[in-house]
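A.B. asks: start_19.txt (compact mmCIF, C-alpha atoms) pasted underneath:
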# COMPACT_ATOMS: atom_id res chain seq x y z
CA MET Q 1 37.38 47.28 3.88
CA ASP Q 2 38.99 45.34 1.04
CA SER Q 3 39.07 41.58 1.70
CA ALA Q 4 42.81 41.42 0.92
CA ILE Q 5 43.56 44.01 3.59
CA ILE Q 6 41.33 42.17 6.07
CA SER Q 7 43.15 38.92 5.30
CA ILE Q 8 46.55 40.52 5.84
CA LEU Q 9 45.51 42.16 9.12
CA ALA Q 10 43.81 38.98 10.36
CA PHE Q 11 46.88 36.91 9.44
CA ILE Q 12 49.21 39.29 11.30
CA ALA Q 13 46.88 39.30 14.31
CA ALA Q 14 46.63 35.49 14.33
CA ILE Q 15 50.38 34.93 14.00
CA SER Q 16 51.16 37.58 16.64
CA ILE Q 17 48.71 36.06 19.15
CA LEU Q 18 49.84 32.47 18.63
CA VAL Q 19 53.55 33.32 18.59
CA ALA Q 20 53.12 35.35 21.78
CA VAL Q 21 51.43 32.36 23.42
CA HIS Q 22 54.14 29.97 22.19
CA GLU Q 23 57.07 32.14 23.22
CA TYR Q 24 55.48 33.00 26.57
CA GLY Q 25 55.53 29.27 27.32
CA HIS Q 26 59.29 29.18 26.76
CA TYR Q 27 59.73 32.43 28.67
CA ILE Q 28 57.76 31.67 31.82
CA VAL Q 29 59.01 28.09 32.24
CA GLY Q 30 62.55 29.32 31.63
CA ARG Q 31 62.16 31.80 34.48
CA TRP Q 32 60.58 29.17 36.72
CA THR Q 33 63.57 26.89 36.15
CA GLY Q 34 66.09 29.62 36.99
CA MET Q 35 67.22 30.74 33.54
CA LYS Q 36 68.03 34.34 32.68
CA VAL Q 37 65.96 35.78 29.83
CA LEU Q 38 67.74 38.40 27.73
CA ARG Q 39 65.03 39.17 25.16
CA PHE Q 40 61.37 38.33 24.47
CA SER Q 41 60.51 39.30 20.89
CA ILE Q 42 57.33 39.10 18.87
CA GLY Q 43 58.51 39.17 15.26
CA PHE Q 44 61.97 39.08 13.73
CA GLY Q 45 64.37 41.75 12.54
CA SER Q 46 64.88 45.23 13.98
CA PRO Q 47 62.70 46.15 16.98
CA ILE Q 48 60.06 48.80 16.27
CA TRP Q 49 59.17 48.99 19.97
CA SER Q 50 61.05 47.79 23.03
CA ARG Q 51 61.07 48.11 26.78
CA THR Q 52 63.53 46.82 29.37
CA SER Q 53 62.34 45.82 32.82
CA GLY Q 54 62.79 43.43 35.74
CA LYS Q 55 65.82 42.62 37.85
CA ASP Q 56 67.36 40.79 34.87
CA GLN Q 57 66.73 43.82 32.61
CA THR Q 58 64.92 41.63 30.07
CA GLU Q 59 64.21 43.39 26.78
CA TYR Q 60 60.59 43.01 25.60
CA CYS Q 61 60.14 44.04 21.99
CA ILE Q 62 57.95 43.96 18.90
CA SER Q 63 60.04 43.53 15.75
CA ALA Q 64 59.51 44.53 12.14
CA ILE Q 65 58.78 41.14 10.54
CA PRO Q 66 55.56 39.71 12.08
CA LEU Q 67 56.14 36.10 11.02
CA GLY Q 68 57.38 34.55 14.25
CA GLY Q 69 59.19 35.40 17.44
CA TYR Q 70 61.77 34.16 19.90
CA VAL Q 71 63.00 34.12 23.49
CA ARG Q 72 66.74 34.60 23.93
CA PHE Q 73 68.17 33.00 27.04
CA LEU Q 74 71.59 33.61 28.49
CA ASP Q 75 73.85 30.95 26.96
CA SER Q 76 77.60 30.45 27.45
CA ARG Q 77 77.91 29.28 23.83
CA ASP Q 78 77.15 32.83 22.74
CA GLY Q 79 79.83 34.43 24.92
CA PRO Q 80 81.19 34.62 28.45
CA VAL Q 81 78.80 34.59 31.40
CA ASP Q 82 79.21 37.10 34.21
CA PRO Q 83 80.10 35.52 37.57
CA GLU Q 84 76.83 36.72 39.15
CA ASP Q 85 74.88 34.85 36.45
CA GLU Q 86 76.83 31.63 36.83
CA GLY Q 87 74.46 28.65 36.55
CA ARG Q 88 71.63 30.68 34.98
CA ALA Q 89 72.61 30.12 31.36
CA PHE Q 90 70.35 27.81 29.34
CA ASN Q 91 73.12 25.28 28.72
CA HIS Q 92 74.14 25.32 32.40
CA ARG Q 93 70.74 24.27 33.70
CA PRO Q 94 69.88 20.57 34.21
CA ILE Q 95 68.78 18.77 31.04
CA PRO Q 96 65.22 18.06 32.36
CA ALA Q 97 64.82 21.83 32.88
CA ARG Q 98 65.95 22.55 29.31
CA ILE Q 99 63.55 19.95 27.92
CA ALA Q 100 60.73 21.45 30.01
CA VAL Q 101 61.44 24.88 28.51
CA LEU Q 102 61.48 23.47 24.97
CA LEU Q 103 58.22 21.58 25.54
CA ALA Q 104 56.53 24.61 27.09
CA GLY Q 105 56.16 26.51 23.80
CA PRO Q 106 54.13 23.81 22.01
CA GLY Q 107 52.45 22.97 25.31
CA PHE Q 108 51.11 26.50 25.67
CA ASN Q 109 49.74 26.29 22.10
CA PHE Q 110 47.71 23.24 23.12
CA VAL Q 111 46.57 24.99 26.31
CA PHE Q 112 45.48 27.99 24.23
CA ALA Q 113 43.41 25.68 22.02
CA VAL Q 114 41.74 24.15 25.08
CA ILE Q 115 40.86 27.62 26.44
CA ALA Q 116 39.56 28.75 23.03
CA TYR Q 117 37.33 25.69 22.65
CA TRP Q 118 36.19 26.07 26.26
CA LEU Q 119 35.04 29.63 25.56
CA LEU Q 120 33.27 28.52 22.39
CA LEU Q 121 31.48 25.64 24.12
CA ALA Q 122 30.72 27.27 27.48
CA GLY Q 123 27.45 28.90 26.43
CA GLY Q 124 26.23 25.88 24.50
CA VAL Q 125 26.25 25.52 20.74
CA MET Q 126 23.76 24.75 18.01
CA ALA Q 127 24.90 21.71 16.06
CA LEU Q 128 23.80 20.39 12.68
CA LYS Q 129 23.24 16.66 12.62
CA PRO Q 130 25.29 14.95 9.91
CA ALA Q 131 22.94 14.39 7.01
CA ILE Q 132 23.03 14.08 3.24
CA GLY Q 133 22.19 17.03 0.99
CA ASP Q 134 21.92 16.97 -2.80
CA VAL Q 135 23.36 13.81 -4.39
CA THR Q 136 25.09 14.00 -7.79
CA PRO Q 137 23.69 11.47 -10.30
CA GLY Q 138 26.23 8.77 -11.23
CA SER Q 139 28.55 9.63 -8.33
CA TYR Q 140 29.97 7.30 -5.68
CA ALA Q 141 27.24 8.50 -3.32
CA ASP Q 142 24.52 7.84 -5.89
CA GLU Q 143 25.86 4.34 -6.62
CA ALA Q 144 25.89 3.58 -2.89
CA GLY Q 145 22.24 4.63 -2.59
CA LEU Q 146 22.52 7.84 -0.58
CA ASN Q 147 19.43 10.10 -0.73
CA PHE Q 148 18.68 13.70 0.12
CA GLY Q 149 17.72 14.02 3.80
CA ASP Q 150 19.33 10.76 4.97
CA LYS Q 151 20.79 11.21 8.45
CA ILE Q 152 24.20 9.60 9.07
CA VAL Q 153 23.76 7.46 12.18
CA ALA Q 154 27.27 5.96 12.19
CA VAL Q 155 30.44 5.74 10.12
CA GLY Q 156 31.80 2.24 10.61
CA ASP Q 157 31.40 1.52 14.32
CA ILE Q 158 31.62 5.19 15.36
CA GLU Q 159 28.39 7.01 16.20
CA ALA Q 160 27.85 10.16 14.15
CA THR Q 161 26.60 12.99 16.38
CA GLU Q 162 27.97 16.07 14.59
CA TRP Q 163 29.76 16.86 11.35
CA GLU Q 164 33.30 17.38 12.61
CA THR Q 165 33.79 13.90 14.08
CA THR Q 166 31.79 12.37 11.22
CA LEU Q 167 34.10 13.97 8.67
CA VAL Q 168 37.15 12.66 10.53
CA GLU Q 169 35.78 9.11 10.42
CA ILE Q 170 34.87 9.41 6.74
CA LEU Q 171 38.46 10.45 5.99
CA ASN Q 172 39.95 7.73 8.22
CA ASN Q 173 37.97 5.02 6.47
CA LEU Q 174 38.54 6.52 3.03
CA VAL Q 175 42.30 6.65 3.47
CA ALA Q 176 42.50 3.18 5.03
CA ASP Q 177 41.04 1.14 2.15
CA GLY Q 178 38.88 3.38 -0.02
CA ARG Q 179 35.65 2.10 1.58
CA VAL Q 180 33.39 4.12 3.88
CA PRO Q 181 30.73 1.99 5.61
CA MET Q 182 27.82 4.10 6.85
CA THR Q 183 24.55 3.55 8.68
CA LEU Q 184 21.84 5.89 7.40
CA GLU Q 185 18.35 6.77 8.56
CA ASN Q 186 15.80 8.08 6.05
CA GLU Q 187 13.15 10.71 6.70
CA GLN Q 188 10.68 7.96 7.70
CA GLY Q 189 13.05 6.71 10.45
CA ARG Q 190 14.17 3.50 8.70
CA GLN Q 191 17.84 2.57 8.98
CA ARG Q 192 20.02 0.85 6.38
CA SER Q 193 23.71 0.16 5.78
CA VAL Q 194 25.60 1.42 2.72
CA VAL Q 195 29.23 1.46 1.60
CA LEU Q 196 30.88 4.29 -0.32
CA ASP Q 197 33.56 2.53 -2.37
CA VAL Q 198 36.03 4.83 -4.14
CA GLY Q 199 38.77 2.24 -4.70
CA ASP Q 200 42.08 3.68 -5.87
CA ASP Q 201 40.57 7.16 -6.14
CA ARG Q 202 40.97 7.68 -2.39
CA THR Q 203 44.19 9.74 -2.44
CA ARG Q 204 42.81 12.20 -5.01
CA LEU Q 205 39.71 12.77 -2.90
CA THR Q 206 41.87 13.96 0.02
CA GLU Q 207 42.95 17.02 -1.99
CA PRO Q 208 41.60 20.30 -0.54
CA GLY Q 209 37.96 20.91 -1.44
CA LEU Q 210 37.49 17.65 -3.37
CA LEU Q 211 36.01 15.34 -0.73
CA PHE Q 212 32.31 16.09 -1.03
CA ASP Q 213 32.42 16.90 -4.75
CA GLY Q 214 34.38 13.70 -5.34
CA LEU Q 215 32.07 11.54 -3.25
CA GLY Q 216 29.10 13.17 -4.91
CA PHE Q 217 27.00 14.62 -2.11
CA GLU Q 218 26.63 17.88 -0.24
CA VAL Q 219 26.22 18.53 3.45
CA TRP Q 220 22.52 18.80 4.24
CA GLN Q 221 21.22 22.31 4.64
CA PRO Q 222 17.58 23.36 5.08
CA PRO Q 223 15.99 23.47 1.61
CA ALA Q 224 14.46 26.76 0.49
CA GLU Q 225 10.98 25.43 1.19
CA ILE Q 226 8.17 27.51 2.64
CA GLY Q 227 7.10 26.27 6.06
CA THR Q 228 5.02 29.27 7.12
CA LEU Q 229 4.01 32.59 5.55
CA SER Q 230 4.13 35.91 7.39
CA PRO Q 231 0.66 37.51 7.24
CA GLY Q 232 0.69 40.35 4.74
CA GLY Q 233 4.30 39.63 3.79
CA ALA Q 234 5.71 39.76 0.27
CA ALA Q 235 5.40 36.00 -0.27
CA GLU Q 236 1.79 35.73 0.90
CA THR Q 237 0.76 38.85 -1.03
CA ALA Q 238 2.29 37.46 -4.23
CA GLY Q 239 0.43 34.14 -3.88
CA LEU Q 240 3.16 31.75 -2.71
CA ARG Q 241 1.97 28.79 -0.62
CA VAL Q 242 3.26 26.59 2.18
CA GLY Q 243 5.23 23.73 0.59
CA ASP Q 244 6.50 25.74 -2.39
CA ARG Q 245 10.25 25.40 -2.86
CA ILE Q 246 12.19 28.42 -4.13
CA HIS Q 247 14.26 27.41 -7.17
CA ALA Q 248 15.90 30.69 -8.27
CA VAL Q 249 15.92 34.45 -7.66
CA ASN Q 250 16.67 36.68 -10.66
CA GLY Q 251 18.06 33.62 -12.41
CA GLU Q 252 20.43 32.71 -9.55
CA ARG Q 253 19.97 29.08 -8.48
CA ILE Q 254 18.82 28.59 -4.89
CA ARG Q 255 19.61 25.27 -3.21
CA THR Q 256 19.25 25.98 0.51
CA PHE Q 257 17.42 28.36 2.80
CA ASN Q 258 20.77 29.97 3.63
CA ASP Q 259 21.34 30.57 -0.09
CA LEU Q 260 17.97 32.32 -0.25
CA ILE Q 261 18.75 34.57 2.73
CA ALA Q 262 22.12 35.53 1.24
CA VAL Q 263 20.68 36.35 -2.21
CA LEU Q 264 17.76 38.38 -0.84
CA ALA Q 265 19.80 40.38 1.69
CA PRO Q 266 20.96 43.19 -0.66
CA LEU Q 267 17.60 43.44 -2.48
CA ALA Q 268 15.44 45.25 0.09
CA ARG Q 269 12.37 46.87 -1.48
CA GLN Q 270 13.44 45.71 -4.94
CA ARG Q 271 11.33 43.86 -7.49
CA VAL Q 272 12.66 40.38 -8.24
CA THR Q 273 11.81 37.44 -10.47
CA LEU Q 274 11.32 34.36 -8.37
CA GLU Q 275 11.14 30.79 -9.69
CA TYR Q 276 9.56 28.12 -7.49
CA VAL Q 277 8.46 24.49 -7.61
CA ARG Q 278 4.86 23.58 -6.71
CA GLY Q 279 3.51 20.07 -7.13
CA GLY Q 280 6.56 19.09 -9.17
CA GLN Q 281 6.01 21.93 -11.66
CA LEU Q 282 8.36 24.88 -12.12
CA ALA Q 283 6.69 28.31 -12.20
CA SER Q 284 7.76 31.93 -11.81
CA MET Q 285 6.45 35.28 -10.62
CA ASP Q 286 7.59 38.84 -10.06
CA LEU Q 287 7.23 40.35 -6.60
CA THR Q 288 8.57 43.22 -4.50
CA LEU Q 289 10.50 42.28 -1.38
CA ASP Q 290 9.87 43.74 2.05
CA GLU Q 291 12.74 44.87 4.25
CA HIS Q 292 13.94 44.36 7.80
CA GLU Q 293 16.83 45.85 9.73
CA VAL Q 294 19.70 43.76 11.13
CA ASP Q 295 22.47 45.56 13.05
CA GLY Q 296 21.52 48.82 11.37
CA GLU Q 297 21.54 47.32 7.86
CA LYS Q 298 18.40 47.03 5.73
CA ARG Q 299 17.97 43.59 4.17
CA GLY Q 300 15.51 42.06 1.74
CA LEU Q 301 12.70 40.02 3.29
CA LEU Q 302 10.38 37.52 1.59
CA GLY Q 303 8.26 36.78 4.64
CA ILE Q 304 8.64 32.99 4.95
CA SER Q 305 10.12 30.59 7.48
CA LEU Q 306 11.43 27.02 7.48
CA PRO Q 307 9.19 23.96 7.75
CA GLN Q 308 8.95 22.50 11.25
CA THR Q 309 10.60 19.28 10.03
CA SER Q 310 13.88 21.14 9.45
CA SER Q 311 14.33 21.35 13.22
CA ASP Q 312 14.84 17.56 13.23
CA TYR Q 313 18.29 18.16 11.77
CA TYR Q 314 19.45 20.57 14.49
CA TYR Q 315 20.10 20.13 18.17
CA ARG Q 316 21.58 22.24 20.93
CA GLN Q 317 24.52 21.01 22.95
CA THR Q 318 24.61 22.41 26.48
CA PHE Q 319 27.41 21.99 29.00
CA THR Q 320 28.18 22.79 32.61
CA PRO Q 321 31.49 24.67 33.01
CA MET Q 322 33.30 21.41 33.83
CA GLN Q 323 31.65 19.54 30.96
CA SER Q 324 32.64 22.28 28.52
CA LEU Q 325 36.24 22.12 29.80
CA LEU Q 326 36.35 18.34 29.36
CA ALA Q 327 34.78 18.68 25.90
CA ALA Q 328 37.43 21.30 25.01
CA VAL Q 329 40.23 18.98 26.14
CA ASN Q 330 38.75 16.10 24.11
CA LYS Q 331 38.33 18.32 21.05
CA THR Q 332 41.94 19.49 21.29
CA TRP Q 333 43.15 15.90 21.69
CA ASP Q 334 41.04 14.59 18.80
CA THR Q 335 42.17 17.41 16.52
CA SER Q 336 45.81 16.80 17.45
CA VAL Q 337 45.57 13.06 16.82
CA PHE Q 338 43.85 13.65 13.48
CA THR Q 339 46.48 16.21 12.43
CA VAL Q 340 49.35 13.87 13.30
CA SER Q 341 47.59 11.02 11.50
CA MET Q 342 47.13 13.10 8.35
CA LEU Q 343 50.78 14.22 8.43
CA GLY Q 344 51.90 10.60 8.68
CA ARG Q 345 49.64 9.62 5.80
CA MET Q 346 51.01 12.45 3.67
CA ILE Q 347 54.47 10.96 4.17
CA THR Q 348 53.24 7.51 3.10
CA GLY Q 349 51.37 8.98 0.14
CA ASP Q 350 47.89 7.99 1.34
CA VAL Q 351 46.83 11.62 1.72
CA SER Q 352 47.50 14.34 -0.85
CA ILE Q 353 50.36 16.70 0.08
CA LYS Q 354 48.31 19.46 -1.54
CA ASN Q 355 46.78 19.84 1.94
CA ILE Q 356 49.95 21.63 3.09
CA SER Q 357 49.01 25.30 3.33
CA GLY Q 358 51.26 28.34 3.31
CA PRO Q 359 50.78 31.89 4.60
CA ILE Q 360 48.66 32.96 1.62
CA ASN Q 361 45.99 30.32 2.20
CA ILE Q 362 46.15 30.72 5.98
CA GLY Q 363 45.76 34.48 5.55
CA GLN Q 364 42.69 34.01 3.34
CA ILE Q 365 41.09 31.69 5.90
CA ALA Q 366 42.02 34.10 8.69
CA GLY Q 367 40.32 36.95 6.83
CA GLU Q 368 37.19 34.93 6.11
CA SER Q 369 36.87 33.78 9.73
CA ALA Q 370 37.47 37.30 11.04
CA GLN Q 371 34.71 38.69 8.81
CA ARG Q 372 32.29 36.01 10.03
CA GLY Q 373 32.76 37.02 13.67
CA VAL Q 374 34.76 36.57 16.85
CA LYS Q 375 33.65 32.97 17.42
CA TYR Q 376 34.76 31.85 13.97
CA PHE Q 377 38.11 33.63 14.35
CA LEU Q 378 38.63 32.05 17.78
CA GLY Q 379 37.90 28.61 16.33
CA PHE Q 380 40.40 29.31 13.54
CA LEU Q 381 43.02 30.33 16.11
CA ALA Q 382 42.46 27.09 18.03
CA VAL Q 383 43.05 24.93 14.95
CA VAL Q 384 46.17 26.87 13.88
CA SER Q 385 47.50 26.82 17.45
CA ILE Q 386 47.27 23.03 17.49
CA SER Q 387 49.02 22.85 14.13
CA LEU Q 388 51.76 25.19 15.37
CA GLY Q 389 52.25 23.05 18.47
CA ILE Q 390 52.54 19.86 16.44
CA LEU Q 391 54.84 21.45 13.85
CA ASN Q 392 57.24 22.62 16.55
CA LEU Q 393 57.43 19.12 18.04
CA LEU Q 394 58.71 17.62 14.79
CA PRO Q 395 62.31 16.34 15.22
CA ILE Q 396 63.77 18.99 12.93
CA PRO Q 397 66.88 20.61 14.47
CA VAL Q 398 65.79 24.25 14.08
CA LEU Q 399 62.46 23.49 15.82
CA ASP Q 400 61.72 22.71 19.46
CA GLY Q 401 61.40 19.01 18.71
CA GLY Q 402 64.88 18.88 17.18
CA GLN Q 403 66.37 20.74 20.14
CA ILE Q 404 64.72 18.23 22.47
CA VAL Q 405 66.44 15.45 20.51
CA TYR Q 406 69.77 17.21 21.12
CA GLN Q 407 69.08 17.31 24.85
CA VAL Q 408 68.13 13.63 24.96
CA VAL Q 409 71.32 12.69 23.08
CA GLU Q 410 73.35 14.75 25.56
CA MET Q 411 71.60 13.00 28.45
CA ILE Q 412 72.38 9.57 27.00
CA LYS Q 413 76.03 10.19 26.02
CA GLY Q 414 76.88 12.38 29.00
CA SER Q 415 78.16 15.32 26.96
CA PRO Q 416 76.79 17.75 24.37
CA MET Q 417 76.83 16.88 20.71
CA THR Q 418 79.84 18.23 18.83
CA GLU Q 419 79.52 21.63 17.23
CA ARG Q 420 80.03 20.00 13.84
CA ALA Q 421 77.13 17.61 14.41
CA GLN Q 422 74.89 20.40 15.63
CA MET Q 423 75.83 22.60 12.66
CA LEU Q 424 75.09 19.76 10.24
CA GLY Q 425 71.74 19.20 11.94
CA GLN Q 426 70.91 22.91 11.69
CA GLN Q 427 71.69 22.90 7.97
CA VAL Q 428 69.54 19.84 7.37
CA GLY Q 429 66.73 21.40 9.39
CA ILE Q 430 66.88 24.70 7.52
CA PHE Q 431 66.85 22.84 4.20
CA ALA Q 432 63.82 20.79 5.32
CA LEU Q 433 61.93 23.93 6.36
CA ILE Q 434 62.78 25.73 3.10
CA LEU Q 435 61.55 22.71 1.17
CA LEU Q 436 58.35 22.57 3.23
CA MET Q 437 57.66 26.28 2.87
CA SER Q 438 58.41 26.20 -0.86
CA TYR Q 439 55.85 23.48 -1.37
CA ALA Q 440 53.35 25.34 0.83
CA PHE Q 441 53.78 28.48 -1.32
CA TYR Q 442 53.43 26.37 -4.45
CA ASN Q 443 50.14 24.94 -3.15
CA ASP Q 444 48.89 28.42 -2.26
CA ILE Q 445 49.67 29.81 -5.70
CA SER Q 446 48.16 26.75 -7.41
CA ARG Q 447 44.92 27.27 -5.47
CA ILE Q 448 44.79 30.91 -6.55
CA LEU Q 449 45.47 30.13 -10.22
CA SER Q 450 42.94 27.31 -10.28
Show the structure stored in the file as structure tokens.
C.D. replies:
Amino acid sequence: MDSAIISILAFIAAISILVAVHEYGHYIVGRWTGMKVLRFSIGFGSPIWSRTSGKDQTEYCISAIPLGGYVRFLDSRDGPVDPEDEGRAFNHRPIPARIAVLLAGPGFNFVFAVIAYWLLLAGGVMALKPAIGDVTPGSYADEAGLNFGDKIVAVGDIEATEWETTLVEILNNLVADGRVPMTLENEQGRQRSVVLDVGDDRTRLTEPGLLFDGLGFEVWQPPAEIGTLSPGGAAETAGLRVGDRIHAVNGERIRTFNDLIAVLAPLARQRVTLEYVRGGQLASMDLTLDEHEVDGEKRGLLGISLPQTSSDYYYRQTFTPMQSLLAAVNKTWDTSVFTVSMLGRMITGDVSIKNISGPINIGQIAGESAQRGVKYFLGFLAVVSISLGILNLLPIPVLDGGQIVYQVVEMIKGSPMTERAQMLGQQVGIFALILLMSYAFYNDISRILS
């Protein structure tokens, strides 16, 4: 299936799932607090499917525009309330109940993220230790003395156990003062301290995709080095030896073992030109690949495996059910704090606002994660769900956070805000969202054109 179609379908699926979760939070807490629900809609515009049920005859529908959703409560501001429904309108319920309903939407997004991470962690996960890959000559990393294979022991005072938290700390230090202090351990087990100093270049490096290129190093991946040879396999038959490092296949540069697997996959039983490094000297040979079957697909096979030392860079995290739940809660919290921190730093100009993504970029990421498998798509949903929760808590009148502000003002002054004030707030909120979405679209288009 065409990648564009997959991206569109994955985007629609992601938005529909997360909006359903968000709106269900409003819906169920509204019912618990005694409010009457008139409609629960996934999507906007004309319904393409609907069903009415329950003693309140709530209309459940799927609408034509799959870019959001809403729950419509009975509200006396929209028209008269029947005597039998007196006290069940949203604006007739106590203010704490209204605030609870407004908080429930974002709250359910955070709960969804916890559940998603719990499912991902429950069976244990293989983790890649944070380590340095290829270093670009003359880069910040090169000037600081980083070398291929160095393990990152700590960033500042924070222990580095896996890449996600390590990346967060690198960004936090980078944005703070342009200096990233790191403790490294070389392949011989010796530790040393270095400082990546980017100075005033720090804001530019926060632009999407520029961090590692800008710092001048790649994430360590197993090099395409031969650890063992399969007896009678294509590599052994052609004369390759343990310790040889594959440099290129049919002229395509190979940097990691994963690169090699990806390049060989579609070349089953084909003759290829392979360049390799032995004893510091570059050589080449022609050989015919073997084949093996994976999920019914025939893939090219060279007949080699990784060196044993590569296992030093991997470890398996295992959890009991309770440990995985606690880890999921912590992961959700850490991601939320980091997201809020980055939003605040965008406002102050310390982080590039090019990080704001619109539906085009989100759709592309959704498609890529969906093609990589259920686990990747679930992880993507967790991150977007957290972002959706945080976005809706912003004090913008058309969002949940803005409506909560209205309720708090009413609680303090003892009466609702005037219609004029609310209308002005709505207009400001709509303008702010249009401005935000316009910039998000601009970023998406700029990424495509570049």
A.B. asks: Pick out the closest residue to Cys61 in chain Q from this set: Q:Ser41, Q:Asn186, Q:Ser7, Q:Ser76. Count only C-alpha atoms.
C.D. replies: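 Using only C-alpha atoms, Cys61 in chain Q sits closest to Q:Ser41.
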A.B. asks: What does the distance between CA of Pro397 in chain Q and CA of Ser336 in chain Q come to in Å, to one decimal place?
C.D. replies: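 Between CA of Pro397 in chain Q and CA of Ser336 in chain Q the gap works out to 21.6 Å.
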A.B. asks: Report, in Å with one decimal, the straight-line distance from CA of Leu215 in chain Q to CA of Ser139 in chain Q.
C.D. replies: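 These atoms are spaced 6.5 Å apart.
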A.B. asks: Could you check how far CA of Val125 in chain Q sits from CA of Ala265 in chain Q, in Å to one decimal?
C.D. replies: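 For CA of Val125 in chain Q relative to CA of Ala265 in chain Q, the distance reads 25.0 Å.
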A.B. asks: Show me, as a tab-separated table (two decimals) with C-alpha atoms, in the coordinates of the input, the residues that have an atom within 9 Å of Leu325 in chain Q when counting all atoms listed in the file, minus same-chain residues fewer than 3 positions from it.
C.D. replies:
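So the final result, stored in part13.tsv, reads:
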chain	number	residue	atom	x	y	z
Q	114	VAL	CA	41.74	24.15	25.08
Q	115	ILE	CA	40.86	27.62	26.44
Q	117	TYR	CA	37.33	25.69	22.65
Q	118	TRP	CA	36.19	26.07	26.26
Q	119	LEU	CA	35.04	29.63	25.56
Q	121	LEU	CA	31.48	25.64	24.12
Q	122	ALA	CA	30.72	27.27	27.48
Q	319	PHE	CA	27.41	21.99	29.00
Q	320	THR	CA	28.18	22.79	32.61
Q	321	PRO	CA	31.49	24.67	33.01
Q	322	MET	CA	33.30	21.41	33.83
Q	328	ALA	CA	37.43	21.30	25.01
Q	329	VAL	CA	40.23	18.98	26.14
Q	330	ASN	CA	38.75	16.10	24.11
A.B. asks: Give me, as a ChimeraX atom specification, all polymer residues having an atom no more than 6 Å from range 22-30 of chain Q, counting only C-alpha atoms and skipping those fewer than 3 positions away in the same chain.
C.D. replies: /Q:19,33,35,101,104-105,108-109
A.B. asks: Keeping C-alpha atoms, export the residues of the selection given above as a PDB file, in the coordinates of the input.
C.D. replies:
ATOM      1  CA  VAL Q  19      53.550  33.320  18.590  1.00  0.00           C
ATOM      2  CA  THR Q  33      63.570  26.890  36.150  1.00  0.00           C
ATOM      3  CA  MET Q  35      67.220  30.740  33.540  1.00  0.00           C
ATOM      4  CA  VAL Q 101      61.440  24.880  28.510  1.00  0.00           C
ATOM      5  CA  ALA Q 104      56.530  24.610  27.090  1.00  0.00           C
ATOM      6  CA  GLY Q 105      56.160  26.510  23.800  1.00  0.00           C
ATOM      7  CA  PHE Q 108      51.110  26.500  25.670  1.00  0.00           C
ATOM      8  CA  ASN Q 109      49.740  26.290  22.100  1.00  0.00           C
TER       9      ASN Q 109
END
A.B. asks: Quick one: residues within 10 Å of Leu229 in chain Q, all atoms listed in the file counted, chain neighbours fewer than 2 positions away excluded, as a list in words?
C.D. replies: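 That gives Ile226, Gly227, Pro231, Gly232, Gly233, Ala234, Ala235, Glu236, Thr237, Leu240, Arg241, Val242, Leu302, Gly303, Ile304, Ser305 and Leu306 of chain Q.
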A.B. asks: Show me, as JSON, the centre and edge lengths in Å to one decimal of the axis-aligned box that covers every listed atom of range 172-181 of chain Q with 5 Å on each side.
C.D. replies:
{"center_x": 36.6, "center_y": 4.4, "center_z": 4.1, "size_x": 21.8, "size_y": 16.6, "size_z": 18.2}
A.B. asks: Using only C-alpha atoms, which of Q:Met411, Q:Val294, Q:Leu103, Q:Ala4 sits nearest Ala366 in chain Q?
C.D. replies: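 Among Q:Met411, Q:Val294, Q:Leu103, Q:Ala4, it is Q:Ala4 that comes nearest to Ala366 in chain Q.
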A.B. asks: For Ala382 in chain Q, which residue among Q:Tyr60, Q:Phe44, Q:Tyr70, Q:Phe112 is the nearest when counting only C-alpha atoms?
C.D. replies: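 Between Q:Tyr60, Q:Phe44, Q:Tyr70, Q:Phe112, the residue approaching Ala382 in chain Q most closely is Q:Phe112.
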A.B. asks: So that I can see what lies close to Glu164 in chain Q, please list as a list in words the residues with an atom at most 12 Å from it, counting all atoms listed in the file and leaving out residues fewer than 5 positions away in the same chain.
C.D. replies: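 Selected residues are Ala127, Leu128, Lys129, Pro130, Glu169, Ile170, Leu171, Val219, Lys331, Asp334, Thr335 and Phe338 of chain Q.
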